[in-house]
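Before any comments, here is the structure.
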Amino acid sequence: MTRSRSRSEEGSNEGVTAQYYHVVCHDCRVESLEVDAEDARNMADRHDEKTGHSVTVGRL
Ligand SMILES: [Zn+2]
């Protein structure tokens, strides 16, 4: 009886790491968590345009 040593590893799912973008306003209490970089940027831009506040997007 031969024992197969080939084991299929299903634990390796590379590239599926979730990336979050934290949008924070420094001039008011607005903050948001986005999964899309573009969404985060749009949100920051819009808030900045509307209020003139300084908004930063940080990657988590
Ligand atoms: Zn603000």
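Chain lettering (A, B, ...) mirrors the order of the structure tokens, residue numbering begins at 1 for each chain separately, and ligand numbering begins at 1 in order of display.
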Exercise. Excluding same-chain residues fewer than 5 positions from A:Ala37, what lies within 9 Å of it counting only C-alpha atoms, as a list in words?
Worked result: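 Here the answer would be Gln19, Tyr20, Tyr21, Asn42, Val57 and Arg59 of chain A.
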Selection as a PDB file with C-alpha atoms, in the first residue's frame: residues within 9 Å of ligand 1 by only C-alpha atoms and all ligand atoms:
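What ended up in out-v7.pdb:
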ATOM      1  CA  VAL A  24     -10.246  61.073   8.620  1.00  0.00           C
ATOM      2  CA  CYS A  25     -11.030  64.750   8.837  1.00  0.00           C
ATOM      3  CA  HIS A  26      -8.840  66.758  11.140  1.00  0.00           C
ATOM      4  CA  ASP A  27     -11.229  69.659  11.452  1.00  0.00           C
ATOM      5  CA  CYS A  28     -14.413  67.836  12.376  1.00  0.00           C
ATOM      6  CA  ARG A  29     -15.554  64.420  13.492  1.00  0.00           C
ATOM      7  CA  VAL A  30     -16.031  62.992  10.032  1.00  0.00           C
ATOM      8  CA  GLU A  31     -14.355  59.679   9.444  1.00  0.00           C
ATOM      9  CA  HIS A  47     -15.410  66.718   2.046  1.00  0.00           C
ATOM     10  CA  ASP A  48     -12.418  68.938   1.431  1.00  0.00           C
ATOM     11  CA  LYS A  50     -17.381  71.191   0.585  1.00  0.00           C
ATOM     12  CA  THR A  51     -15.890  72.305   3.855  1.00  0.00           C
ATOM     13  CA  GLY A  52     -12.277  73.251   3.237  1.00  0.00           C
ATOM     14  CA  HIS A  53     -11.286  70.872   5.989  1.00  0.00           C
ATOM     15  CA  SER A  54      -8.079  68.937   5.857  1.00  0.00           C
ATOM     16  CA  VAL A  55      -8.846  65.295   5.242  1.00  0.00           C
TER      17      VAL A  55
END
Problem set entry | DSSP helix (DSSP H, G or I) selection over stretch 15-48 of chain A, as a PyMOL selection string | chain A and resi 37-48
Restrict the selected residues to N, CA and C atoms and save them as a CSV table (one decimal), in the first residue's frame.
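So the final result, stored in again_25.csv, reads:
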chain,number,residue,atom,x,y,z
A,37,ALA,N,-9.8,52.2,-2.6
A,37,ALA,CA,-9.0,53.4,-2.5
A,37,ALA,C,-9.6,54.6,-3.2
A,38,GLU,N,-10.3,54.3,-4.3
A,38,GLU,CA,-10.9,55.4,-5.1
A,38,GLU,C,-12.0,56.0,-4.3
A,39,ASP,N,-12.8,55.2,-3.7
A,39,ASP,CA,-13.9,55.6,-2.8
A,39,ASP,C,-13.4,56.5,-1.7
A,40,ALA,N,-12.4,56.1,-1.1
A,40,ALA,CA,-11.8,56.8,0.0
A,40,ALA,C,-11.3,58.2,-0.4
A,41,ARG,N,-10.7,58.2,-1.6
A,41,ARG,CA,-10.1,59.4,-2.1
A,41,ARG,C,-11.2,60.4,-2.5
A,42,ASN,N,-12.3,59.8,-3.2
A,42,ASN,CA,-13.4,60.7,-3.5
A,42,ASN,C,-14.1,61.3,-2.3
A,43,MET,N,-14.2,60.5,-1.3
A,43,MET,CA,-14.8,61.0,-0.1
A,43,MET,C,-14.0,62.1,0.5
A,44,ALA,N,-12.7,61.9,0.6
A,44,ALA,CA,-11.8,62.9,1.1
A,44,ALA,C,-11.9,64.2,0.3
A,45,ASP,N,-11.9,64.0,-1.0
A,45,ASP,CA,-11.9,65.2,-1.9
A,45,ASP,C,-13.2,65.9,-1.8
A,46,ARG,N,-14.3,65.2,-1.7
A,46,ARG,CA,-15.6,65.8,-1.6
A,46,ARG,C,-15.7,66.6,-0.3
A,47,HIS,N,-15.3,66.0,0.8
A,47,HIS,CA,-15.4,66.7,2.0
A,47,HIS,C,-14.5,68.0,2.1
A,48,ASP,N,-13.4,67.8,1.5
A,48,ASP,CA,-12.4,68.9,1.4
A,48,ASP,C,-13.0,70.1,0.6
